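*Asks:* Have a look at the structure that comes next, please.
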Amino acid sequence: MIYRSHVLVCGGTGCTSSKSMEIIKLMNELLRENNIENEVKVIHTGCFGLCEKGPIVVVYPEGATYSRVTLEDVKEIVEEHLVKGRIVKRLLLGDKDAEDVSKALEEVGFFKHQVRIALRNCGVINPENIEEYIARDGYRALGKVLTEMTPEQVIDVMKRSGLRGRGGAGFPTGLKWEFAAKAKGDQKYVCCNADEGDPGAFMDRSILEGDPHTVLEAMAIAGYAIGANQGYIYVRAEYPIAVNRLRVAIDQAREYGLLGKNIFGTDFSFDIDLRLGAGAFVCGEETALMTSIEGKRGEPRPRPPFPANKGLWQKPTILNNVETYANIPEIILKGPEWFASIGTEKSKGTKVFAVGGKIMNTGLVEIPMGTTIRQMIYDIGGGIPNGKKFKAVQTGGPSGGCIPAHLIDTPIDYDNLIALGSMMGSGGFIVMDEDTCMVDIAKFFLGFTVDESCGKCPPCRIGTKRMYEILDRITKGQGEDGDIEKLELLAKNISSSALCGLGQTAPNPILSTLRYFRDEYEAHIYEKRCPAGVCKELLRYVIDENKCKGCSLCARKCPVNAISGEVKKPYHIDAGKCIKCGACIESCKFGAISKMA
Amino acid sequence: MKSLAELEAIREKALKEINLRDNTGKTRVVVGMATCGIAAGARPVMNAFVDELNKRNVQNVNVTMTGCIGVCRLEPIAEVITADGVKTTYVKLDPEKARKIVVEHLINGRPVKEYTISEAE
Amino acid sequence: MSEMVTLTIDGREVKAPVGSTVLEAARIAGIKIPTLCYLKDINEIGACRMCVVDVGARSLQAACVYPVSEGLKVVTNSPKVREARKVTLELILSNHDRKCLTCVRSENCELQKLAKELNVGDIRFEGQNNHLPIDDLSPSIVRDPNKCVLCRRCVSVCKNIQTVAAIDANERGFDTVIASPFNMALNDTPCVNCGQCINVCPVGALREKDNIDVVWDALSNPDLHVVVQTAPAVRVAIGEEFGLPIGTRCTGKMVAALKKLGFDKVFDTDTAADLTIMEEGTELIERIKNGGKLPLITSCSPGWIKFCEHNYPDLLDNLSSCKSPQNMFGAVLKSYYAKKMGIDPSKIFVVSVMPCTAKKFEIQRPELAATGYPDVDACITTRELARMIKEAGIDFNSLPDENFDDPMGEASGAGVIFGATGGVMEAALRTVVDILSGKDNDNIEYKEVRGVEGIKVAEVQVPGGMTIRAAVAHGLGNARKLLEQVRNGEEQYHFIEIMACPGGCVNGGGQPIQPASVRNTVDIRAERAKAIYSEDEALTIRKSHKNPRVMKIYEEYLEKPGSHKAHELLHTHYHSRENYPDECSRI
């Protein structure tokens, strides 16, 4: 059925939360009311990336991109744009007066600097329709591999492309495949790590929601390369939309004969099953993930033996993450040289980042490796809100670290981030402004690791807990001389002796903040002061005598009777009683009360 | 899936369906769809463009709408704008004329002179 | 000879077999690497990080699981390595209930030893400690999670060796705790009380339920006639508690110590073992002759019985209806012996000393009270007996040998070998072959059923008669394998011996605990079994049916094996058990 117009509505998790499914329903109703349901087709897609501005609705062929669409706006879009051809300019994203609306977005920095490879189909196709994926060259790479290439040639292409794992450590994908291809075994497995667990990172979810077939296709290519005929996708159960789209995609791929026996009439057979994880962070560690697929408690096991030799059920296994797989069909079709031409010397291609924190444009962006932190924050992210100063960016999630403002011109790639004491990780990019306390941030990330430690080895199980306890004391003004040294001793030894990557990298948030913001730790410990004014126990609430009119409102709002004074004379706060709840600041009409660090 | 040819067949069919989501380097047919246009019969004209382009498997043309073009007495109006910006304005259209424009202008590259605004004026 | 590789450890070249670990290679080179969670063949998981070494990788590697390779360079003793081990140990100790002075494992604690060896002084990283409830609802096993170091040895032995899986890691991170599913009391789980978890525990997190006080109370009660019986495996292991080498036979000293403790009579459970052979042998012959249910499976091991009730209810009819020697003995003491001695059975207090924690559960079974009184009143383990001896101030090693008391103090060699895997089978064969062939056969050593092979099979030709197909399994994982074969009809046997513990009773859950440093290099099962077989060899009477004491009991009281009276006193029945009942206690 040919329609004159397609309306793409974002069906990613963020936009679904802000009622995109209701928008679709209402739009279909209104199309029927206006008798144009046979002219206009409404399609729900995966994530467009600019979640900050969601829900996003794009109308083709004009290419008009509407942002923050509410149910109330739907009628106007239908009656004005779809019936009468009049663009609803007030909802347009980007230049509202652009001559050609499809060009409106071109000058939006958020999109302008992106290069979309892994996200190429997200927000462009209907993820539940395999034909739309095929229309966008889907499964052609698999066809090419199976009919024109040997497994060795596939591995050679992967190696020459320079693709490195997008899930954490950045191991060269081609090399990993080569190890598994050379490993002896009657049965081999291809696994996909869709157990995305870094706080704030959601690129894997977006790919699974927006373009599930690219993962299936890449896994089949990997299966052919290493000699496996079974794949498993380990996806967290907390991603219901992704799980559902994967199920639909697997069913469709089987129906079209793109999974199953004798694909493209060759001897190659390959199938994929889903395994749902309960969302334990440690199950993103490859051996823990495989142990979990085997039905056991998700705990890592020592390496060697490496999964390429003894992985799932002790058989040779490769594991790549979703984003890594999403690059592979394009590499096969466009060639390794094309891919290697993007990025830096040792980090090829693009990387998807989940940009969040104190930044204007939060969302998902795919940038060429080598883009600087400054470009990310100002050109793409739109800068820091409220005129605040940029202080640091945290990358790599709980295994990563904080990069301070003076290193803002660092090009982002694997090796630069490691050198700065952080890491790429899965692509978290959390921007912090001057109001962020770095000790508090370290405590936040460490708290995550403490909760997510599997408990198998003592350095992680007890060591992270002890570090957390020390940080907690420091932020409460109970830090002691020697605490920094204890943190350093623990951090060093946990890094060197924990069983798996989770434990080994758990101290990174502390190490990197100690490296760049040691003075903040010292201020907390020795001066009992939180320079950013975050740590509650270290704050003092004071009333400015010159501003206070003695109205007594604050004293009446104070839940613990810590404020006293005579009417029409300046009041004051008893620091011993004050619980720092902030009720007085909110109540004061004269701005006379403030927090003192 | 038994062969690459089979995949290619699906691809071509599907591409036709989603072709309109790509407007880079394409010729656009812009149909005036304001109240005046609709009253004069612009909707069947637009649908005829869509239908004929599809029937003839034309991939590089998108049909889109616009509001009032400003010469209501000549409605239904459609503009053909090529990728390099050359604009031809057709007026007083009906579905038959639309189909002819598809064949003559959009496929064979010969604007249908007698329907253009310069002829009508 | 397997293929060898050459590696360097601390600058020294070492040759080690391909597939061995750095820890094993270091041992070859005489280099000691500290370990905690590692227990050879049972727990090789690299969890505790005490054995970390520097192999030139980004992080330190656990020597217990890191494979050797040609040209590998290992450093086991550098500031970095020493510091890592010490910090890890301090962390473990920072969340350990350090009541060492009063801990049952004091001076036999692997953690205590490590702290000393690694020269741990102050613990620099104190913080939150777990205070979790202690599970002491089981009659056999007490679990104290506050002393647990999460080495997982107990989990591995329970899950992989015994295939019981009553405990595993629950929760995660700092809250990780070894517990039963849903935090059920061990007593309500399919735990078979074998106590293997206790034997592998490096610390005092697992111990037997202590019944010493009950025994002291009985001994000091003038109204009671307190009788003690000792199982065969106790005598070959108790010496270890007093510093004697593994496999030292201490029968005489043990009897002397028991007499010093004040028991009115000291008897030998082996006598009841002979009785068991008479009853079980008769049962086997009858089943073979009358087309009864085969294979007949032994019922001496209470851990195995509970395992069967939970996991193989369909095979309950295959179990011999014979009580275990412990309970046969109790029943005989409170009937035949009471009558003979003119003592009211209510005044007889029977104590058993067992190498076993499951025996503590067994004596509580309500069906094991043939005389109206419990067959056995208190059961203590070898370890508890040793503690009583120490508490009484007895210098065990200088005791003179003494003999068991009459009239139940004499046993045949067949009764003695019950203590090792294959022993019951061998004892039974000695009697059954004689009875079936109608003559006294000289060939009485069935070596094919001896030893530590998991499943042992023998085909025994009865002179002038049938061939008996026999199988022996020890350790419940092996038992499961064997029973699956039987269930599937892959193998057919007349007679099967199953012991819950690997190695049989010599390695029971109540035996002296040998630390991993010993267990990793010495097969304590084999050493203790050697002592058992040497006691058998030293005896002139080596067949149960030749034991005059046993014959006399039949003559004077029981009439004949399998008689009505014998059934009343010496036989029992079994019932299937739910694995995870709805109603249960939570810890």
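Ordering of the structure tokens sets the chain letters (A, B, ...), residue numbers begin anew at 1 in every chain, and ligands are numbered from 1 in the order given.
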From a backbone DSSP assignment, name each residue in range 39-128 of chain C labelled alpha helix (DSSP H), as a PyMOL selection string.
*Replies:* chain C and resi 79-94+110-117
*Asks:* Mind dumping the selected residues with N, CA and C atoms as a PDB file, in the first residue's frame?
*Replies:*
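Saved result, selection_14.pdb, follows:
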ATOM      1  N   PRO C  79      56.445  -6.922  46.720  1.00  0.00           N
ATOM      2  CA  PRO C  79      55.672  -6.008  47.567  1.00  0.00           C
ATOM      3  C   PRO C  79      54.229  -5.883  47.100  1.00  0.00           C
ATOM      4  N   LYS C  80      54.045  -5.820  45.780  1.00  0.00           N
ATOM      5  CA  LYS C  80      52.694  -5.661  45.237  1.00  0.00           C
ATOM      6  C   LYS C  80      51.811  -6.860  45.615  1.00  0.00           C
ATOM      7  N   VAL C  81      52.390  -8.062  45.430  1.00  0.00           N
ATOM      8  CA  VAL C  81      51.625  -9.272  45.708  1.00  0.00           C
ATOM      9  C   VAL C  81      51.345  -9.397  47.205  1.00  0.00           C
ATOM     10  N   ARG C  82      52.385  -9.163  48.005  1.00  0.00           N
ATOM     11  CA  ARG C  82      52.192  -9.296  49.454  1.00  0.00           C
ATOM     12  C   ARG C  82      51.152  -8.305  49.964  1.00  0.00           C
ATOM     13  N   GLU C  83      51.240  -7.091  49.439  1.00  0.00           N
ATOM     14  CA  GLU C  83      50.288  -6.075  49.896  1.00  0.00           C
ATOM     15  C   GLU C  83      48.855  -6.444  49.508  1.00  0.00           C
ATOM     16  N   ALA C  84      48.696  -6.928  48.265  1.00  0.00           N
ATOM     17  CA  ALA C  84      47.352  -7.301  47.800  1.00  0.00           C
ATOM     18  C   ALA C  84      46.768  -8.393  48.689  1.00  0.00           C
ATOM     19  N   ARG C  85      47.589  -9.406  49.007  1.00  0.00           N
ATOM     20  CA  ARG C  85      47.082 -10.500  49.834  1.00  0.00           C
ATOM     21  C   ARG C  85      46.714 -10.005  51.227  1.00  0.00           C
ATOM     22  N   LYS C  86      47.562  -9.155  51.758  1.00  0.00           N
ATOM     23  CA  LYS C  86      47.339  -8.689  53.128  1.00  0.00           C
ATOM     24  C   LYS C  86      46.089  -7.810  53.216  1.00  0.00           C
ATOM     25  N   VAL C  87      45.940  -6.919  52.236  1.00  0.00           N
ATOM     26  CA  VAL C  87      44.753  -6.057  52.230  1.00  0.00           C
ATOM     27  C   VAL C  87      43.497  -6.918  52.113  1.00  0.00           C
ATOM     28  N   THR C  88      43.537  -7.902  51.219  1.00  0.00           N
ATOM     29  CA  THR C  88      42.372  -8.780  51.064  1.00  0.00           C
ATOM     30  C   THR C  88      42.066  -9.515  52.368  1.00  0.00           C
ATOM     31  N   LEU C  89      43.116 -10.022  53.003  1.00  0.00           N
ATOM     32  CA  LEU C  89      42.895 -10.758  54.250  1.00  0.00           C
ATOM     33  C   LEU C  89      42.337  -9.831  55.337  1.00  0.00           C
ATOM     34  N   GLU C  90      42.866  -8.620  55.394  1.00  0.00           N
ATOM     35  CA  GLU C  90      42.332  -7.664  56.372  1.00  0.00           C
ATOM     36  C   GLU C  90      40.864  -7.368  56.098  1.00  0.00           C
ATOM     37  N   LEU C  91      40.522  -7.291  54.807  1.00  0.00           N
ATOM     38  CA  LEU C  91      39.116  -7.042  54.464  1.00  0.00           C
ATOM     39  C   LEU C  91      38.241  -8.198  54.931  1.00  0.00           C
ATOM     40  N   ILE C  92      38.717  -9.419  54.698  1.00  0.00           N
ATOM     41  CA  ILE C  92      37.939 -10.586  55.144  1.00  0.00           C
ATOM     42  C   ILE C  92      37.767 -10.535  56.667  1.00  0.00           C
ATOM     43  N   LEU C  93      38.871 -10.251  57.341  1.00  0.00           N
ATOM     44  CA  LEU C  93      38.820 -10.221  58.806  1.00  0.00           C
ATOM     45  C   LEU C  93      37.947  -9.078  59.315  1.00  0.00           C
ATOM     46  N   SER C  94      37.830  -8.005  58.523  1.00  0.00           N
ATOM     47  CA  SER C  94      37.047  -6.859  58.985  1.00  0.00           C
ATOM     48  C   SER C  94      35.566  -7.180  59.047  1.00  0.00           C
ATOM     49  N   GLU C 110      41.816 -22.195  59.415  1.00  0.00           N
ATOM     50  CA  GLU C 110      42.684 -21.815  58.306  1.00  0.00           C
ATOM     51  C   GLU C 110      42.823 -20.303  58.189  1.00  0.00           C
ATOM     52  N   LEU C 111      41.799 -19.590  58.629  1.00  0.00           N
ATOM     53  CA  LEU C 111      41.848 -18.127  58.563  1.00  0.00           C
ATOM     54  C   LEU C 111      42.813 -17.582  59.612  1.00  0.00           C
ATOM     55  N   GLN C 112      42.725 -18.150  60.798  1.00  0.00           N
ATOM     56  CA  GLN C 112      43.613 -17.764  61.897  1.00  0.00           C
ATOM     57  C   GLN C 112      45.071 -17.996  61.485  1.00  0.00           C
ATOM     58  N   LYS C 113      45.274 -19.147  60.860  1.00  0.00           N
ATOM     59  CA  LYS C 113      46.626 -19.504  60.447  1.00  0.00           C
ATOM     60  C   LYS C 113      47.132 -18.522  59.390  1.00  0.00           C
ATOM     61  N   LEU C 114      46.256 -18.186  58.445  1.00  0.00           N
ATOM     62  CA  LEU C 114      46.642 -17.238  57.397  1.00  0.00           C
ATOM     63  C   LEU C 114      47.013 -15.884  57.990  1.00  0.00           C
ATOM     64  N   ALA C 115      46.207 -15.430  58.955  1.00  0.00           N
ATOM     65  CA  ALA C 115      46.451 -14.123  59.564  1.00  0.00           C
ATOM     66  C   ALA C 115      47.834 -14.101  60.195  1.00  0.00           C
ATOM     67  N   LYS C 116      48.194 -15.219  60.772  1.00  0.00           N
ATOM     68  CA  LYS C 116      49.502 -15.317  61.401  1.00  0.00           C
ATOM     69  C   LYS C 116      50.590 -15.361  60.321  1.00  0.00           C
ATOM     70  N   GLU C 117      50.365 -16.200  59.309  1.00  0.00           N
ATOM     71  CA  GLU C 117      51.380 -16.365  58.262  1.00  0.00           C
ATOM     72  C   GLU C 117      51.605 -15.086  57.462  1.00  0.00           C
TER      73      GLU C 117
END
*Asks:* If you run DSSP on this backbone, which residues of range 73-108 of chain B come out as strand (DSSP E or B), and could you give them as an NGL selection string?
*Replies:* :B and (78-81 or 87-90)
*Asks:* Restrict the selected residues to N, CA and C atoms and save them as an mmCIF file, in the first residue's frame.
*Replies:*
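Generated output (out_8.cif):
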data_model
loop_
_atom_site.group_PDB
_atom_site.id
_atom_site.type_symbol
_atom_site.label_atom_id
_atom_site.label_comp_id
_atom_site.auth_asym_id
_atom_site.auth_seq_id
_atom_site.Cartn_x
_atom_site.Cartn_y
_atom_site.Cartn_z
ATOM 1 N N ALA B 78 -0.357 22.840 -8.730
ATOM 2 C CA ALA B 78 0.757 22.025 -8.228
ATOM 3 C C ALA B 78 2.052 22.583 -8.780
ATOM 4 N N GLU B 79 3.108 22.557 -7.966
ATOM 5 C CA GLU B 79 4.407 22.996 -8.452
ATOM 6 C C GLU B 79 5.325 21.798 -8.517
ATOM 7 N N VAL B 80 6.049 21.703 -9.620
ATOM 8 C CA VAL B 80 7.079 20.665 -9.712
ATOM 9 C C VAL B 80 8.412 21.354 -9.508
ATOM 10 N N ILE B 81 9.132 20.925 -8.459
ATOM 11 C CA ILE B 81 10.408 21.571 -8.155
ATOM 12 C C ILE B 81 11.496 20.494 -8.234
ATOM 13 N N LYS B 87 11.578 25.435 -11.043
ATOM 14 C CA LYS B 87 10.189 25.318 -10.635
ATOM 15 C C LYS B 87 9.241 25.469 -11.826
ATOM 16 N N THR B 88 8.273 24.544 -11.940
ATOM 17 C CA THR B 88 7.237 24.669 -12.956
ATOM 18 C C THR B 88 5.908 24.679 -12.225
ATOM 19 N N THR B 89 5.059 25.669 -12.523
ATOM 20 C CA THR B 89 3.771 25.738 -11.828
ATOM 21 C C THR B 89 2.654 25.345 -12.782
ATOM 22 N N TYR B 90 1.894 24.292 -12.381
ATOM 23 C CA TYR B 90 0.738 23.862 -13.190
ATOM 24 C C TYR B 90 -0.526 24.343 -12.506
#
*Asks:* Could you list, as an MDAnalysis selection string, every residue of chain A that has an atom within 9 Å of an atom of chain C, counting only C-alpha atoms?
*Replies:* chainID A and resid 297 301:305 449:467 469:470 486 489:490 492:499 504
*Asks:* Please report as a PyMOL selection string which residues of chain A come no farther than 8 Å from chain B, using only C-alpha atoms.
*Replies:* chain A and resi 1-6+39+60-63+83-86+124+131-132+134-137+139-140+143+256-258+262-265
*Asks:* Since we have the selection now, will you write its residues out, keeping N, CA and C atoms, as a CSV table (one decimal), in the first residue's frame?
*Replies:*
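Dumped everything to part-v6.csv:
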chain,number,residue,atom,x,y,z
A,1,MET,N,0.9,-1.2,0.0
A,1,MET,CA,0.0,0.0,0.0
A,1,MET,C,0.9,1.2,0.0
A,2,ILE,N,0.6,2.1,-1.0
A,2,ILE,CA,1.4,3.3,-1.1
A,2,ILE,C,0.6,4.5,-0.4
A,3,TYR,N,1.3,5.2,0.5
A,3,TYR,CA,0.7,6.3,1.1
A,3,TYR,C,1.4,7.6,0.6
A,4,ARG,N,0.7,8.7,0.6
A,4,ARG,CA,1.4,9.9,0.2
A,4,ARG,C,2.2,10.5,1.4
A,5,SER,N,1.9,10.1,2.6
A,5,SER,CA,2.6,10.7,3.7
A,5,SER,C,2.8,9.6,4.8
A,6,HIS,N,3.9,9.7,5.4
A,6,HIS,CA,4.2,8.8,6.6
A,6,HIS,C,4.4,9.7,7.8
A,39,GLU,N,-4.4,7.7,3.0
A,39,GLU,CA,-3.4,8.6,2.4
A,39,GLU,C,-2.2,8.7,3.3
A,60,TYR,N,6.6,12.9,6.9
A,60,TYR,CA,7.2,12.8,5.6
A,60,TYR,C,6.1,12.9,4.5
A,61,PRO,N,6.4,13.3,3.3
A,61,PRO,CA,7.7,13.6,2.7
A,61,PRO,C,8.3,14.9,3.1
A,62,GLU,N,7.6,15.8,3.8
A,62,GLU,CA,8.2,17.1,4.1
A,62,GLU,C,9.4,17.0,5.0
A,63,GLY,N,9.4,16.0,5.8
A,63,GLY,CA,10.5,15.9,6.8
A,63,GLY,C,10.4,16.8,7.9
A,83,VAL,N,-4.0,17.5,6.4
A,83,VAL,CA,-5.2,17.8,5.6
A,83,VAL,C,-4.9,19.0,4.6
A,84,LYS,N,-4.3,20.0,5.2
A,84,LYS,CA,-4.1,21.2,4.4
A,84,LYS,C,-2.7,21.5,4.0
A,85,GLY,N,-1.8,20.8,4.4
A,85,GLY,CA,-0.4,21.0,3.9
A,85,GLY,C,0.3,22.2,4.6
A,86,ARG,N,-0.2,22.6,5.7
A,86,ARG,CA,0.4,23.8,6.4
A,86,ARG,C,1.2,23.3,7.6
A,124,VAL,N,14.0,6.0,11.8
A,124,VAL,CA,13.8,6.1,10.4
A,124,VAL,C,12.9,5.0,9.9
A,131,GLU,N,10.6,-5.6,6.5
A,131,GLU,CA,10.7,-5.1,5.1
A,131,GLU,C,11.3,-3.7,5.1
A,132,GLU,N,11.0,-2.9,6.1
A,132,GLU,CA,11.5,-1.6,6.1
A,132,GLU,C,13.0,-1.7,6.4
A,134,ILE,N,14.9,-4.3,5.4
A,134,ILE,CA,15.4,-4.7,4.2
A,134,ILE,C,15.5,-3.6,3.1
A,135,ALA,N,14.5,-2.7,3.2
A,135,ALA,CA,14.5,-1.6,2.2
A,135,ALA,C,15.8,-0.7,2.5
A,136,ARG,N,16.2,-0.7,3.7
A,136,ARG,CA,17.4,0.1,4.0
A,136,ARG,C,18.7,-0.8,4.0
A,137,ASP,N,18.7,-1.7,3.0
A,137,ASP,CA,19.9,-2.5,2.8
A,137,ASP,C,20.0,-3.6,3.8
A,139,TYR,N,20.0,-7.0,5.7
A,139,TYR,CA,20.4,-8.4,5.4
A,139,TYR,C,21.1,-8.6,4.1
A,140,ARG,N,21.5,-7.5,3.5
A,140,ARG,CA,22.3,-7.6,2.3
A,140,ARG,C,23.7,-8.0,2.7
A,143,GLY,N,23.8,-11.6,3.2
A,143,GLY,CA,23.7,-12.2,1.9
A,143,GLY,C,25.1,-12.2,1.3
A,256,TYR,N,11.0,-15.1,7.2
A,256,TYR,CA,11.6,-14.8,5.9
A,256,TYR,C,12.8,-15.7,5.6
A,257,GLY,N,13.1,-16.6,6.5
A,257,GLY,CA,14.3,-17.5,6.2
A,257,GLY,C,15.6,-16.9,6.4
A,258,LEU,N,15.6,-15.8,7.2
A,258,LEU,CA,16.9,-15.1,7.4
A,258,LEU,C,17.6,-15.6,8.7
A,262,ASN,N,19.7,-23.3,6.4
A,262,ASN,CA,20.2,-23.0,5.0
A,262,ASN,C,19.8,-21.6,4.5
A,263,ILE,N,20.4,-20.6,5.2
A,263,ILE,CA,20.1,-19.2,4.9
A,263,ILE,C,20.7,-18.9,3.5
A,264,PHE,N,19.9,-18.2,2.7
A,264,PHE,CA,20.3,-17.8,1.3
A,264,PHE,C,20.7,-19.1,0.5
A,265,GLY,N,20.0,-20.2,0.8
A,265,GLY,CA,20.3,-21.4,0.1
A,265,GLY,C,21.7,-22.0,0.3
*Asks:* When you look at Ala257 in chain C with a cut-off of 9 Å (counting only C-alpha atoms), what residues show up, excluding the ones that are within fewer than 3 positions of it in the same chain? I need them as a VMD selection string.
*Replies:* chain C and resid 252 to 254 260 to 262 389 394 to 396 399 402
*Asks:* Output C-alpha atoms for every residue in the selection just made, as an mmCIF file, in the first residue's frame.
*Replies:*
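So the final result, stored in out.cif, reads:
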data_model
loop_
_atom_site.group_PDB
_atom_site.id
_atom_site.type_symbol
_atom_site.label_atom_id
_atom_site.label_comp_id
_atom_site.auth_asym_id
_atom_site.auth_seq_id
_atom_site.Cartn_x
_atom_site.Cartn_y
_atom_site.Cartn_z
ATOM 1 C CA GLY C 252 42.819 -49.473 72.913
ATOM 2 C CA LYS C 253 43.494 -45.867 73.927
ATOM 3 C CA MET C 254 40.017 -44.847 72.897
ATOM 4 C CA LYS C 260 38.078 -43.026 82.316
ATOM 5 C CA LEU C 261 35.222 -40.717 81.305
ATOM 6 C CA GLY C 262 32.976 -42.883 83.446
ATOM 7 C CA ILE C 389 38.628 -36.312 76.671
ATOM 8 C CA ILE C 394 42.937 -37.112 80.119
ATOM 9 C CA ASP C 395 46.342 -37.443 78.463
ATOM 10 C CA PHE C 396 45.163 -39.536 75.554
ATOM 11 C CA LEU C 399 46.876 -44.106 77.926
ATOM 12 C CA GLU C 402 42.240 -51.461 77.064
#
*Asks:* Taking 3 positions as the minimum chain separation for residues in the same chain, which residues sit within 8 Å of Ala471 in chain C when counting only C-alpha atoms? Answer as a list in words.
*Replies:*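 Counting only C-alpha atoms, the residues come to Val449, Ile455, Lys456, Val457, Ala458, Tyr493, Phe495, Ile496 and Glu497 of chain C.
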*Asks:* Filtering to C-alpha atoms, could you give me those residues as a PDB file, in the first residue's frame?
*Replies:*
ATOM      1  CA  VAL C 449      35.170 -53.127  46.159  1.00  0.00           C
ATOM      2  CA  ILE C 455      31.666 -46.341  41.683  1.00  0.00           C
ATOM      3  CA  LYS C 456      33.056 -49.863  42.080  1.00  0.00           C
ATOM      4  CA  VAL C 457      31.550 -52.957  40.519  1.00  0.00           C
ATOM      5  CA  ALA C 458      32.246 -56.621  41.334  1.00  0.00           C
ATOM      6  CA  TYR C 493      22.791 -55.604  40.257  1.00  0.00           C
ATOM      7  CA  PHE C 495      23.347 -55.808  45.828  1.00  0.00           C
ATOM      8  CA  ILE C 496      24.443 -52.191  46.123  1.00  0.00           C
ATOM      9  CA  GLU C 497      26.299 -50.505  48.935  1.00  0.00           C
TER      10      GLU C 497
END
